[in-house]
file upload14.cif (mmCIF, C-alpha atoms)
data_work
loop_
_atom_site.label_atom_id
_atom_site.label_comp_id
_atom_site.auth_asym_id
_atom_site.auth_seq_id
_atom_site.Cartn_x
_atom_site.Cartn_y
_atom_site.Cartn_z
CA MET K 1180 9.80 77.41 78.52
CA SER K 1181 7.02 74.86 78.66
CA LYS K 1182 5.07 76.99 76.14
CA LYS K 1183 7.92 76.61 73.63
CA GLN K 1184 7.37 72.86 73.64
CA PHE K 1185 3.59 73.06 73.38
CA LEU K 1186 2.48 71.65 70.01
CA GLY K 1187 6.06 71.91 68.79
CA GLY K 1188 6.75 75.57 69.49
CA LYS K 1189 5.32 78.95 68.60
CA ASN K 1190 5.94 78.80 64.88
CA SER K 1191 4.86 75.24 64.14
CA ASN K 1192 1.81 74.70 61.95
CA ALA K 1193 -0.01 72.79 64.68
CA TYR K 1194 0.42 75.68 67.11
CA ILE K 1195 -0.76 78.22 64.53
CA VAL K 1196 -3.90 76.22 63.74
CA PHE K 1197 -4.59 75.72 67.44
CA TYR K 1198 -3.99 79.40 68.19
CA SER K 1199 -6.26 80.64 65.40
CA THR K 1200 -9.04 78.24 66.35
CA VAL K 1201 -9.04 79.25 69.99
CA MET K 1202 -8.83 82.94 69.09
CA VAL K 1203 -11.71 82.78 66.64
CA VAL K 1204 -13.94 80.90 69.08
CA ILE K 1205 -13.26 83.38 71.88
CA VAL K 1206 -13.88 86.37 69.61
CA ALA K 1207 -17.07 84.82 68.24
CA VAL K 1208 -18.45 84.23 71.73
CA MET K 1209 -17.59 87.80 72.76
CA LEU K 1210 -19.21 89.35 69.70
CA ALA K 1211 -22.32 87.20 69.97
CA PHE K 1212 -22.64 88.15 73.61
CA THR K 1213 -22.38 91.94 73.03
CA SER K 1214 -24.65 91.77 70.02
CA LEU K 1215 -27.36 89.86 71.91
CA SER K 1216 -27.15 91.90 75.08
CA LEU K 1217 -27.41 95.22 73.21
CA LYS K 1218 -29.99 94.09 70.66
CA GLU K 1219 -33.01 95.16 72.70
CA LYS K 1220 -31.69 98.67 73.26
CA GLN K 1221 -30.73 99.05 69.60
CA ASN K 1222 -34.16 97.93 68.45
CA ALA K 1223 -35.78 100.41 70.84
CA ASN K 1224 -33.71 103.16 69.20
CA ILE K 1225 -34.71 102.02 65.73
CA LEU K 1226 -38.36 101.87 66.77
CA ASP K 1227 -38.13 105.41 68.17
CA GLU K 1228 -36.65 106.56 64.89
CA LYS K 1229 -39.52 104.98 62.96
CA LYS K 1230 -42.11 106.51 65.28
CA ASN K 1231 -40.48 109.91 64.86
CA ALA K 1232 -40.42 109.50 61.08
CA ILE K 1233 -44.17 108.78 61.11
CA VAL K 1234 -45.00 111.88 63.14
CA ALA K 1235 -42.52 113.93 61.09
CA SER K 1236 -44.39 113.02 57.90
CA LEU K 1237 -47.53 114.43 59.55
CA GLY K 1238 -45.65 117.57 60.57
CA LEU K 1239 -46.02 116.75 64.27
CA GLU K 1240 -43.43 117.12 67.00
CA LYS K 1241 -40.78 114.49 67.76
CA GLY K 1242 -41.83 111.99 70.41
CA SER K 1243 -45.55 112.63 70.00
CA TYR K 1244 -46.26 109.24 68.42
CA ASP K 1245 -47.86 107.55 71.42
CA ALA K 1246 -50.20 110.45 72.07
CA ASN K 1247 -51.35 110.97 68.50
CA ILE K 1248 -51.17 107.86 66.41
CA GLU K 1249 -53.47 104.90 66.09
CA ALA K 1250 -52.13 102.00 64.06
CA TYR K 1251 -53.95 99.14 62.36
CA VAL K 1252 -53.53 96.73 59.46
CA VAL K 1253 -55.54 96.44 56.27
CA ASN K 1254 -55.52 93.84 53.49
CA ASN K 1255 -55.65 94.03 49.70
CA GLU K 1256 -59.41 94.57 49.67
CA GLY K 1257 -59.00 97.52 52.00
CA VAL K 1258 -60.58 95.77 54.98
CA LYS K 1259 -59.09 96.09 58.46
CA ILE K 1260 -57.71 92.77 59.65
CA GLU K 1261 -56.31 91.26 62.84
CA THR K 1262 -52.69 90.12 62.65
CA THR K 1263 -50.29 88.44 65.03
CA ASN K 1264 -47.67 91.14 64.45
CA THR K 1265 -48.40 94.68 65.56
CA PRO K 1266 -48.19 97.37 62.85
CA LEU K 1267 -45.00 98.74 64.45
CA ASP K 1268 -43.39 95.30 64.44
CA MET K 1269 -44.18 95.04 60.75
CA LEU K 1270 -42.01 98.08 60.05
CA PHE K 1271 -38.95 96.03 60.96
CA ASP K 1272 -39.61 93.77 57.97
CA LEU K 1273 -42.01 95.66 55.79
CA PRO K 1274 -41.30 93.72 52.56
CA ALA K 1275 -42.41 90.53 54.32
CA SER K 1276 -45.67 92.14 55.45
CA TYR K 1277 -46.32 93.41 51.95
CA ALA K 1278 -45.65 89.94 50.58
CA ALA K 1279 -48.11 88.52 53.10
CA GLY K 1280 -50.75 91.04 51.99
CA GLU K 1281 -50.76 92.84 55.33
CA TYR K 1282 -50.48 96.61 55.04
CA PRO K 1283 -50.00 98.72 58.18
CA VAL K 1284 -51.73 102.12 58.38
CA PHE K 1285 -50.99 104.88 60.87
CA GLU K 1286 -53.78 107.32 61.61
CA ASP K 1287 -53.55 110.69 63.32
CA LYS K 1288 -56.25 110.41 65.98
CA ASN K 1289 -56.87 114.17 66.03
CA THR K 1290 -57.14 114.98 62.34
CA GLY K 1291 -57.80 111.58 60.75
CA ALA K 1292 -54.85 112.03 58.38
CA LEU K 1293 -53.35 108.72 57.26
CA VAL K 1294 -49.70 107.67 56.99
CA PHE K 1295 -48.68 104.78 54.74
CA PRO K 1296 -45.30 103.11 55.17
CA VAL K 1297 -43.63 102.25 51.87
CA THR K 1298 -40.62 100.10 51.02
CA GLY K 1299 -38.53 99.42 47.94
CA LYS K 1300 -35.09 98.99 46.46
CA GLY K 1301 -32.64 101.78 45.70
CA LEU K 1302 -29.42 101.31 43.79
CA TRP K 1303 -27.45 99.53 46.50
CA ASP K 1304 -29.86 98.57 49.22
CA ASP K 1305 -33.32 99.04 50.68
CA ILE K 1306 -35.08 102.37 50.68
CA TRP K 1307 -38.21 103.06 52.71
CA GLY K 1308 -40.38 105.88 53.84
CA TYR K 1309 -43.67 107.20 55.19
CA ILE K 1310 -46.20 109.09 53.11
CA ALA K 1311 -48.85 111.15 54.89
CA LEU K 1312 -52.01 112.16 53.03
CA GLU K 1313 -54.28 115.12 53.71
CA ASN K 1314 -57.89 114.46 54.66
CA ASP K 1315 -58.95 114.46 50.99
CA LEU K 1316 -56.85 111.25 50.67
CA ASN K 1317 -55.37 112.59 47.47
CA THR K 1318 -52.98 115.39 48.36
CA ILE K 1319 -49.67 114.53 50.02
CA LYS K 1320 -49.27 116.16 53.41
CA GLY K 1321 -45.65 115.20 53.98
CA VAL K 1322 -43.11 112.48 53.32
CA VAL K 1323 -40.08 111.06 55.04
CA PHE K 1324 -37.70 108.81 53.12
CA ASP K 1325 -34.68 106.96 54.37
CA HIS K 1326 -32.21 104.50 52.92
CA ALA K 1327 -29.75 101.85 54.00
CA GLY K 1328 -26.85 102.48 51.68
CA GLU K 1329 -27.42 104.90 48.81
CA THR K 1330 -24.44 106.94 47.58
CA PRO K 1331 -23.85 110.00 49.79
CA GLY K 1332 -24.45 113.23 47.88
CA LEU K 1333 -26.27 111.42 45.05
CA GLY K 1334 -28.96 108.82 45.77
CA ALA K 1335 -28.79 109.56 49.48
CA GLU K 1336 -30.28 113.00 48.75
CA ILE K 1337 -33.75 111.40 48.88
CA ALA K 1338 -33.40 111.42 52.68
CA THR K 1339 -32.83 115.19 52.88
CA PRO K 1340 -35.61 117.62 53.91
CA LYS K 1341 -34.76 119.72 50.85
CA TYR K 1342 -35.62 116.89 48.46
CA GLN K 1343 -38.67 115.79 50.43
CA ALA K 1344 -40.04 119.34 50.41
CA GLN K 1345 -41.21 118.90 46.81
CA PHE K 1346 -43.76 116.25 47.77
CA PRO K 1347 -46.32 118.10 49.92
CA GLY K 1348 -49.17 119.37 47.74
CA GLN K 1349 -48.72 116.75 45.02
CA THR K 1350 -51.73 114.55 44.30
CA ILE K 1351 -51.75 110.79 43.78
CA TYR K 1352 -55.20 110.40 42.13
CA GLU K 1353 -56.43 111.53 38.72
CA GLY K 1354 -60.17 111.54 39.23
CA ASP K 1355 -60.83 108.07 40.63
CA GLN K 1356 -57.75 106.56 39.04
CA PHE K 1357 -54.68 105.93 41.18
CA VAL K 1358 -51.51 107.22 39.52
CA GLY K 1359 -48.98 107.80 42.31
CA ILE K 1360 -46.03 110.14 41.92
CA TYR K 1361 -43.66 110.19 38.97
CA VAL K 1362 -40.03 110.97 39.71
CA VAL K 1363 -39.03 112.79 36.54
CA LYS K 1364 -35.52 113.15 35.20
CA GLY K 1365 -34.73 116.59 33.87
CA GLY K 1366 -37.21 118.37 36.09
CA ALA K 1367 -40.92 117.95 36.73
CA GLN K 1368 -41.57 121.60 35.85
CA GLY K 1369 -44.84 121.70 37.66
CA ALA K 1370 -46.39 118.70 35.87
CA ALA K 1371 -49.16 116.95 37.79
CA HIS K 1372 -48.24 113.98 40.03
CA SER K 1373 -44.53 114.65 39.44
CA VAL K 1374 -41.39 115.59 41.35
CA ASP K 1375 -37.78 116.09 40.25
CA ALA K 1376 -35.43 113.13 40.20
CA VAL K 1377 -32.19 113.25 42.17
CA THR K 1378 -29.28 114.58 40.13
CA GLY K 1379 -26.81 111.74 39.59
CA GLY K 1380 -29.11 109.31 41.34
CA THR K 1381 -31.06 107.86 38.43
CA LYS K 1382 -31.36 104.33 39.80
CA THR K 1383 -32.34 105.56 43.25
CA SER K 1384 -34.94 107.86 41.67
CA GLU K 1385 -36.38 104.97 39.67
CA GLY K 1386 -36.49 102.91 42.85
CA LEU K 1387 -38.24 105.76 44.64
CA GLN K 1388 -40.89 106.06 41.93
CA ASN K 1389 -41.50 102.30 41.87
CA MET K 1390 -41.71 102.26 45.65
CA ILE K 1391 -44.29 105.04 45.77
CA ILE K 1392 -46.45 103.65 42.97
CA ASP K 1393 -46.25 99.97 43.99
CA CYS K 1394 -46.73 100.50 47.69
CA LEU K 1395 -49.38 103.21 47.65
CA GLY K 1396 -51.14 101.14 45.00
CA CYS K 1397 -51.58 98.39 47.58
CA TYR K 1398 -53.60 100.82 49.70
CA ASP K 1399 -55.78 101.85 46.76
CA ASN K 1400 -58.81 99.85 47.88
CA TYR K 1401 -58.49 101.02 51.45
CA ILE K 1402 -58.17 104.68 50.44
CA LYS K 1403 -61.23 104.32 48.21
CA SER K 1404 -63.26 102.70 50.98
CA VAL K 1405 -62.35 105.50 53.40
CA LYS K 1406 -63.26 108.07 50.74
CA ALA K 1407 -66.61 106.33 50.14
CA ALA K 1408 -67.32 106.27 53.87
CA LYS K 1409 -66.57 109.98 54.09
CA GLU K 1410 -68.86 110.77 51.15
CA GLU K 1411 -71.61 108.75 52.77
CA VAL K 1412 -71.29 110.82 55.93
CA VAL K 1413 -71.53 114.00 53.87
CA LEU K 1414 -74.59 112.65 52.01
CA THR K 1415 -76.44 111.70 55.19
CA GLU K 1416 -75.61 115.05 56.72
CA ASN K 1417 -77.03 116.79 53.66
CA ALA K 1418 -80.14 114.61 53.71
CA GLU K 1419 -80.79 115.59 57.30
CA MET D 1001 11.27 103.81 84.30
CA LYS D 1002 8.20 105.52 85.79
CA ASN D 1003 8.97 108.57 83.74
CA LYS D 1004 9.32 106.54 80.56
CA THR D 1005 5.96 104.86 81.13
CA PHE D 1006 4.36 108.24 81.59
CA GLN D 1007 5.99 109.52 78.43
CA SER D 1008 4.21 106.89 76.34
CA LEU D 1009 1.01 108.68 77.34
CA THR D 1010 2.18 112.27 76.82
CA ASN D 1011 4.38 111.88 73.74
CA PRO D 1012 1.56 111.30 71.24
CA LEU D 1013 -0.28 114.35 72.52
CA ALA D 1014 2.11 116.83 70.91
CA LYS D 1015 5.66 115.79 69.98
CA ASN D 1016 4.60 112.62 68.24
CA ASN D 1017 0.97 113.38 67.46
CA PRO D 1018 -0.43 110.74 65.10
CA VAL D 1019 -2.33 113.25 62.95
CA LEU D 1020 -0.04 116.28 63.05
CA VAL D 1021 3.36 114.59 62.92
CA GLN D 1022 2.79 111.14 61.48
CA ILE D 1023 -0.05 112.38 59.22
CA LEU D 1024 -2.17 109.30 59.96
CA GLY D 1025 -5.94 109.08 60.19
CA ILE D 1026 -6.45 112.10 57.92
CA CYS D 1027 -9.31 110.41 56.05
CA SER D 1028 -11.63 110.28 59.02
CA ALA D 1029 -10.44 113.71 60.15
CA LEU D 1030 -11.99 115.06 56.96
CA ALA D 1031 -15.15 113.02 57.15
CA VAL D 1032 -16.50 113.35 60.67
CA THR D 1033 -15.53 116.88 61.66
CA THR D 1034 -18.39 119.01 60.36
CA GLN D 1035 -19.85 118.98 63.87
CA LEU D 1036 -18.30 118.72 67.31
CA LYS D 1037 -20.43 115.91 68.72
CA PRO D 1038 -19.63 113.24 66.12
CA ALA D 1039 -15.97 114.31 66.16
CA LEU D 1040 -15.85 113.86 69.91
CA VAL D 1041 -17.58 110.47 69.78
CA MET D 1042 -15.26 109.38 66.96
CA GLY D 1043 -12.22 110.49 68.99
CA LEU D 1044 -13.43 108.56 72.04
CA SER D 1045 -14.18 105.48 69.94
CA VAL D 1046 -10.72 105.49 68.39
CA MET D 1047 -9.20 106.02 71.82
CA ALA D 1048 -11.08 103.05 73.24
CA VAL D 1049 -10.16 100.79 70.33
CA CYS D 1050 -6.54 101.94 70.30
CA ALA D 1051 -6.13 101.54 74.07
CA PHE D 1052 -7.72 98.10 74.29
CA SER D 1053 -6.12 96.70 71.14
CA ASN D 1054 -2.73 97.82 72.48
CA LEU D 1055 -3.48 96.27 75.86
CA VAL D 1056 -4.82 92.97 74.53
CA LEU D 1057 -2.06 92.50 71.98
CA SER D 1058 0.61 93.46 74.47
CA LEU D 1059 -0.72 90.79 76.83
CA LEU D 1060 -0.74 88.26 74.00
CA ARG D 1061 2.55 89.35 72.48
CA ASN D 1062 4.63 86.39 73.68
CA GLY D 1063 2.17 83.80 72.41
CA ILE D 1064 1.34 85.21 68.97
CA PRO D 1065 2.86 83.12 66.15
CA GLU D 1066 5.07 85.37 64.04
CA ARG D 1067 3.56 84.25 60.73
CA ILE D 1068 -0.05 85.18 61.52
CA ARG D 1069 0.84 88.25 63.55
CA ILE D 1070 -1.03 90.72 61.32
CA ILE D 1071 -4.11 88.50 61.15
CA VAL D 1072 -4.26 88.25 64.93
CA GLN D 1073 -3.96 92.04 65.18
CA LEU D 1074 -6.75 92.52 62.68
CA VAL D 1075 -9.05 90.07 64.43
CA VAL D 1076 -8.56 91.79 67.78
CA ILE D 1077 -9.03 95.28 66.30
CA ALA D 1078 -12.04 94.27 64.20
CA ALA D 1079 -13.70 92.62 67.21
CA LEU D 1080 -13.17 95.74 69.32
CA VAL D 1081 -14.53 98.01 66.60
CA THR D 1082 -17.60 95.82 66.19
CA ILE D 1083 -18.24 96.03 69.93
CA VAL D 1084 -17.78 99.83 69.91
CA ASN D 1085 -20.17 100.08 66.96
CA ASP D 1086 -22.80 98.04 68.82
CA ILE D 1087 -22.42 100.18 71.92
CA LEU D 1088 -22.78 103.41 69.92
CA LYS D 1089 -25.90 102.05 68.22
CA ALA D 1090 -27.39 101.23 71.60
CA TYR D 1091 -26.52 104.39 73.52
CA VAL D 1092 -25.92 107.27 71.08
CA TYR D 1093 -28.02 106.20 68.13
CA ASP D 1094 -28.22 109.58 66.39
CA VAL D 1095 -24.45 110.06 66.49
CA SER D 1096 -23.85 106.53 65.26
CA LYS D 1097 -26.12 107.30 62.29
CA GLN D 1098 -24.09 110.41 61.52
CA LEU D 1099 -20.81 108.53 61.77
CA SER D 1100 -22.30 105.74 59.61
CA VAL D 1101 -19.52 103.78 57.93
CA TYR D 1102 -16.69 105.65 59.59
CA VAL D 1103 -17.04 103.68 62.82
CA GLY D 1104 -16.48 100.46 60.89
CA LEU D 1105 -13.57 102.09 59.12
CA ILE D 1106 -11.75 102.56 62.44
CA ILE D 1107 -10.49 99.04 61.68
CA THR D 1108 -8.48 100.45 58.80
CA ASN D 1109 -7.28 103.51 60.72
CA CYS D 1110 -3.50 103.40 60.33
CA ILE D 1111 -3.00 104.81 63.82
CA ILE D 1112 -4.31 101.68 65.47
CA MET D 1113 -2.46 99.07 63.40
CA GLY D 1114 0.59 101.31 63.53
CA ARG D 1115 0.65 101.56 67.31
CA VAL D 1116 0.09 97.83 67.72
CA GLU D 1117 2.94 96.96 65.35
CA ALA D 1118 5.32 99.65 66.51
CA PHE D 1119 4.64 99.67 70.22
CA ALA D 1120 2.35 97.08 71.80
CA LEU D 1121 4.09 94.01 70.37
CA SER D 1122 7.39 95.00 71.95
CA ASN D 1123 6.27 96.63 75.20
CA LYS D 1124 4.65 95.67 78.51
CA PRO D 1125 0.86 96.00 78.91
CA LEU D 1126 0.81 99.17 81.05
CA PRO D 1127 2.91 101.39 78.77
CA SER D 1128 1.02 99.92 75.79
CA LEU D 1129 -2.33 100.86 77.31
CA LEU D 1130 -1.06 104.38 78.03
CA ASP D 1131 0.37 104.66 74.52
CA GLY D 1132 -3.03 103.69 73.10
CA ILE D 1133 -4.85 106.22 75.26
CA GLY D 1134 -2.29 108.89 74.39
CA ASN D 1135 -2.59 108.30 70.67
CA GLY D 1136 -6.38 108.23 70.94
CA ILE D 1137 -6.37 111.59 72.73
CA GLY D 1138 -3.85 112.96 70.26
CA TYR D 1139 -6.09 111.94 67.39
CA GLY D 1140 -9.37 112.95 69.05
CA GLY D 1141 -7.91 116.27 70.17
CA VAL D 1142 -7.04 117.28 66.64
CA LEU D 1143 -10.48 116.14 65.46
CA VAL D 1144 -12.16 118.27 68.10
CA ILE D 1145 -10.07 121.33 67.19
CA ILE D 1146 -10.98 120.93 63.50
CA ALA D 1147 -14.64 120.32 64.31
CA PHE D 1148 -14.70 123.36 66.60
CA PHE D 1149 -13.73 125.67 63.74
CA ARG D 1150 -15.81 123.90 61.13
CA GLU D 1151 -19.00 123.92 63.17
CA LEU D 1152 -18.50 127.47 64.48
CA LEU D 1153 -17.68 129.01 61.10
CA GLY D 1154 -19.79 126.66 58.97
CA SER D 1155 -23.02 126.51 61.00
CA GLY D 1156 -22.56 129.17 63.69
CA THR D 1157 -23.18 126.54 66.38
CA LEU D 1158 -21.20 124.44 68.86
CA PHE D 1159 -22.58 121.04 69.95
CA GLY D 1160 -25.73 122.14 68.13
CA TYR D 1161 -26.25 125.28 70.23
CA GLN D 1162 -26.37 128.63 68.46
CA ILE D 1163 -23.21 130.60 69.30
CA ILE D 1164 -23.12 133.36 66.74
CA PRO D 1165 -25.90 135.76 67.77
CA GLU D 1166 -28.88 136.42 65.52
CA CYS D 1167 -27.99 140.14 65.20
CA PHE D 1168 -24.80 139.17 63.33
CA TYR D 1169 -26.89 137.49 60.66
CA GLU D 1170 -29.20 140.48 60.49
CA ALA D 1171 -26.15 142.68 60.00
CA GLY D 1172 -25.21 140.61 56.96
CA TYR D 1173 -22.95 137.87 58.40
CA VAL D 1174 -23.12 134.62 56.43
CA ASN D 1175 -22.01 131.13 57.47
CA ASN D 1176 -19.04 129.90 55.50
CA GLY D 1177 -20.41 127.05 53.37
CA LEU D 1178 -16.93 125.82 52.49
CA MET D 1179 -16.45 124.83 56.12
CA LEU D 1180 -19.06 122.10 55.67
CA PHE D 1181 -17.05 120.46 52.87
CA PRO D 1182 -13.98 118.24 53.28
CA PRO D 1183 -11.43 120.71 51.81
CA SER D 1184 -11.88 123.02 54.78
CA ALA D 1185 -10.73 120.23 57.09
CA LEU D 1186 -7.54 119.89 55.07
CA ILE D 1187 -6.94 123.63 55.27
CA ILE D 1188 -7.48 123.62 59.04
CA VAL D 1189 -5.22 120.57 59.50
CA GLY D 1190 -2.60 122.42 57.46
CA ILE D 1191 -2.85 125.50 59.66
CA ILE D 1192 -2.66 123.39 62.85
CA ILE D 1193 0.43 121.57 61.52
CA TRP D 1194 2.01 124.92 60.67
CA VAL D 1195 1.39 126.30 64.16
CA HIS D 1196 2.53 123.01 65.70
CA ARG D 1197 5.83 122.96 63.78
CA ASN D 1198 6.47 126.57 64.59
CA ALA D 1199 6.19 125.74 68.26
CA ASN D 1200 8.34 122.58 67.97
CA LYS D 1201 11.47 123.60 66.08
CA ASP D 1202 12.97 120.10 66.22
CA LEU D 1203 10.14 118.80 64.01
CA GLN D 1204 11.12 121.07 61.15
CA GLU D 1205 12.95 119.38 58.30
CA LYS D 1206 16.24 120.97 57.30
#

call {"tool": "encode", "arguments": {"input": "upload14.cif", "output": "structure tokens"}}
result
Amino acid sequence: MSKKQFLGGKNSNAYIVFYSTVMVVIVAVMLAFTSLSLKEKQNANILDEKKNAIVASLGLEKGSYDANIEAYVVNNEGVKIETTNTPLDMLFDLPASYAAGEYPVFEDKNTGALVFPVTGKGLWDDIWGYIALENDLNTIKGVVFDHAGETPGLGAEIATPKYQAQFPGQTIYEGDQFVGIYVVKGGAQGAAHSVDAVTGGTKTSEGLQNMIIDCLGCYDNYIKSVKAAKEEVVLTENAE
Amino acid sequence: MKNKTFQSLTNPLAKNNPVLVQILGICSALAVTTQLKPALVMGLSVMAVCAFSNLVLSLLRNGIPERIRIIVQLVVIAALVTIVNDILKAYVYDVSKQLSVYVGLIITNCIIMGRVEAFALSNKPLPSLLDGIGNGIGYGGVLVIIAFFRELLGSGTLFGYQIIPECFYEAGYVNNGLMLFPPSALIIVGIIIWVHRNANKDLQEK
């Protein structure tokens, strides 16, 4: 009975305001607590997924990241630099790293193949991916793309193995000139540096093309410097 | 009294099944049943949310102001779903990726709001908890049955393990692609409802 009198009864405005306030505060505390206590585990899962995507782009087995990959960061000029964030940390906010001019590179220790993380905008939300290059630093070895919220069945098709299967074997350089990959509406039909766009996913396809060209373009200087270093090795070997 | 309490658990399993009799929660039954594992996780998630929302709201039922009743229900359900979503992301990450938006959409699952309105707000906590668990199992059970057929016939696997032997495929057997699309779920739900009504004559409309 005492509850009935509290703040003028169950259906008074004062009681309703009081009730809602208390409820919202309790729920907020609960949600904040679960979110914070599970954050670490969730991030570990996301990191695992990213590691697996990197090795998948190289065609390696799941879970073989730690054994095979060496990661470092390069800048616009293509010079390796020291950063406070590790390359893996950067993957959690890749656009920020790009904006800061810090570009993470993942190298297969056994073959020397390089993987470049890329990031861009789809139709609804972020898209991102990993592009692995063969040792000639021109031919694509494999790609993995993922997205946050593209339309299932349309734009979201970029994340399917079937779509990604068109990338291996494509080249991103024409002579010494960086061109990237064009995502062509109506079918690439075997044209150089081109893949098919996603049916019904025009905006996502445009985003994909921009992502590939913009992001790989940032690595242009680094790729060229690695190429030059390789040629030098070949030259000295020949001279000997 | 004991018997009645127990009935609130068993009733939704068959006689008053939320999917088969009340035709609720069909949307997610179509969406998450191409494979058994996500269907099972979805069923468990709905059961957890349904059970706890029933329990919490039954405990609160005497203090909830009539005018903001629905809002209070929604806040409790939404908070529980958010917690479930966080737990899935932390412990079964791959499944939570497959379920994607459908975990969040548990909030709008009519079964949960329906049970809170129809049962928890006018019953004691224990029967409410059992009613929530019962409805969750009733829902999850149907999902698992649908997913069983869809995964077996559509991919030839169960829980990801190959069931249909390789020699079948060599002899010309082909997986049924339709099973991977939503219409097949509707067809299977229809067949289950048919079988269910045949077994329970009192459910048949005159």

call {"tool": "interface_residues", "arguments": {"input": "upload14.cif", "of": "chain K", "to": "chain D", "cutoff": "6 Å", "atoms": "all atoms listed in the file", "output": "ChimeraX atom specification"}}
result
/K:1189-1190,1220-1221

call {"tool": "write_last_selection", "arguments": {"input": "upload14.cif", "atoms": "C-alpha atoms", "output": "compact mmCIF listing (two decimals), in the frame of the given file"}}
result
# COMPACT_ATOMS: atom_id res chain seq x y z
CA LYS K 1189 5.32 78.95 68.60
CA ASN K 1190 5.94 78.80 64.88
CA LYS K 1220 -31.69 98.67 73.26
CA GLN K 1221 -30.73 99.05 69.60

call {"tool": "residues_near_point", "arguments": {"input": "upload14.cif", "point": "(-50.1, 114.7, 47.3)", "cutoff": "10 Å", "atoms": "all atoms listed in the file", "output": "PyMOL selection string"}}
result
chain K and resi 1310-1313+1315-1322+1345-1352+1359-1360+1371-1373

call {"tool": "resolve_selection", "arguments": {"input": "upload14.cif", "expression": "the PyMOL selection byres ((chain D and resi 1147-1152) around 10)", "output": "PyMOL selection string"}}
result
chain D and resi 1029-1030+1032-1040+1141-1146+1153-1164+1175-1182+1184-1185+1188

call {"tool": "resolve_selection", "arguments": {"input": "upload14.cif", "expression": "the PyMOL selection byres ((chain D and resi 1129) around 8)", "output": "PyMOL selection string"}}
result
chain D and resi 1051-1052+1054-1055+1125-1128+1130-1133

call {"tool": "resolve_selection", "arguments": {"input": "upload14.cif", "expression": "the PyMOL selection byres ((chain K and resi 1333-1335) around 12)", "output": "MDAnalysis selection string"}}
result
chainID K and resid 1300:1307 1324:1332 1336:1343 1376:1387

call {"tool": "write_last_selection", "arguments": {"input": "upload14.cif", "atoms": "C-alpha atoms", "output": "PDB file, keeping the file's coordinate frame"}}
result
ATOM      1  CA  LYS K1300     -35.090  98.990  46.460  1.00  0.00           C
ATOM      2  CA  GLY K1301     -32.640 101.780  45.700  1.00  0.00           C
ATOM      3  CA  LEU K1302     -29.420 101.310  43.790  1.00  0.00           C
ATOM      4  CA  TRP K1303     -27.450  99.530  46.500  1.00  0.00           C
ATOM      5  CA  ASP K1304     -29.860  98.570  49.220  1.00  0.00           C
ATOM      6  CA  ASP K1305     -33.320  99.040  50.680  1.00  0.00           C
ATOM      7  CA  ILE K1306     -35.080 102.370  50.680  1.00  0.00           C
ATOM      8  CA  TRP K1307     -38.210 103.060  52.710  1.00  0.00           C
ATOM      9  CA  PHE K1324     -37.700 108.810  53.120  1.00  0.00           C
ATOM     10  CA  ASP K1325     -34.680 106.960  54.370  1.00  0.00           C
ATOM     11  CA  HIS K1326     -32.210 104.500  52.920  1.00  0.00           C
ATOM     12  CA  ALA K1327     -29.750 101.850  54.000  1.00  0.00           C
ATOM     13  CA  GLY K1328     -26.850 102.480  51.680  1.00  0.00           C
ATOM     14  CA  GLU K1329     -27.420 104.900  48.810  1.00  0.00           C
ATOM     15  CA  THR K1330     -24.440 106.940  47.580  1.00  0.00           C
ATOM     16  CA  PRO K1331     -23.850 110.000  49.790  1.00  0.00           C
ATOM     17  CA  GLY K1332     -24.450 113.230  47.880  1.00  0.00           C
ATOM     18  CA  GLU K1336     -30.280 113.000  48.750  1.00  0.00           C
ATOM     19  CA  ILE K1337     -33.750 111.400  48.880  1.00  0.00           C
ATOM     20  CA  ALA K1338     -33.400 111.420  52.680  1.00  0.00           C
ATOM     21  CA  THR K1339     -32.830 115.190  52.880  1.00  0.00           C
ATOM     22  CA  PRO K1340     -35.610 117.620  53.910  1.00  0.00           C
ATOM     23  CA  LYS K1341     -34.760 119.720  50.850  1.00  0.00           C
ATOM     24  CA  TYR K1342     -35.620 116.890  48.460  1.00  0.00           C
ATOM     25  CA  GLN K1343     -38.670 115.790  50.430  1.00  0.00           C
ATOM     26  CA  ALA K1376     -35.430 113.130  40.200  1.00  0.00           C
ATOM     27  CA  VAL K1377     -32.190 113.250  42.170  1.00  0.00           C
ATOM     28  CA  THR K1378     -29.280 114.580  40.130  1.00  0.00           C
ATOM     29  CA  GLY K1379     -26.810 111.740  39.590  1.00  0.00           C
ATOM     30  CA  GLY K1380     -29.110 109.310  41.340  1.00  0.00           C
ATOM     31  CA  THR K1381     -31.060 107.860  38.430  1.00  0.00           C
ATOM     32  CA  LYS K1382     -31.360 104.330  39.800  1.00  0.00           C
ATOM     33  CA  THR K1383     -32.340 105.560  43.250  1.00  0.00           C
ATOM     34  CA  SER K1384     -34.940 107.860  41.670  1.00  0.00           C
ATOM     35  CA  GLU K1385     -36.380 104.970  39.670  1.00  0.00           C
ATOM     36  CA  GLY K1386     -36.490 102.910  42.850  1.00  0.00           C
ATOM     37  CA  LEU K1387     -38.240 105.760  44.640  1.00  0.00           C
TER      38      LEU K1387
END
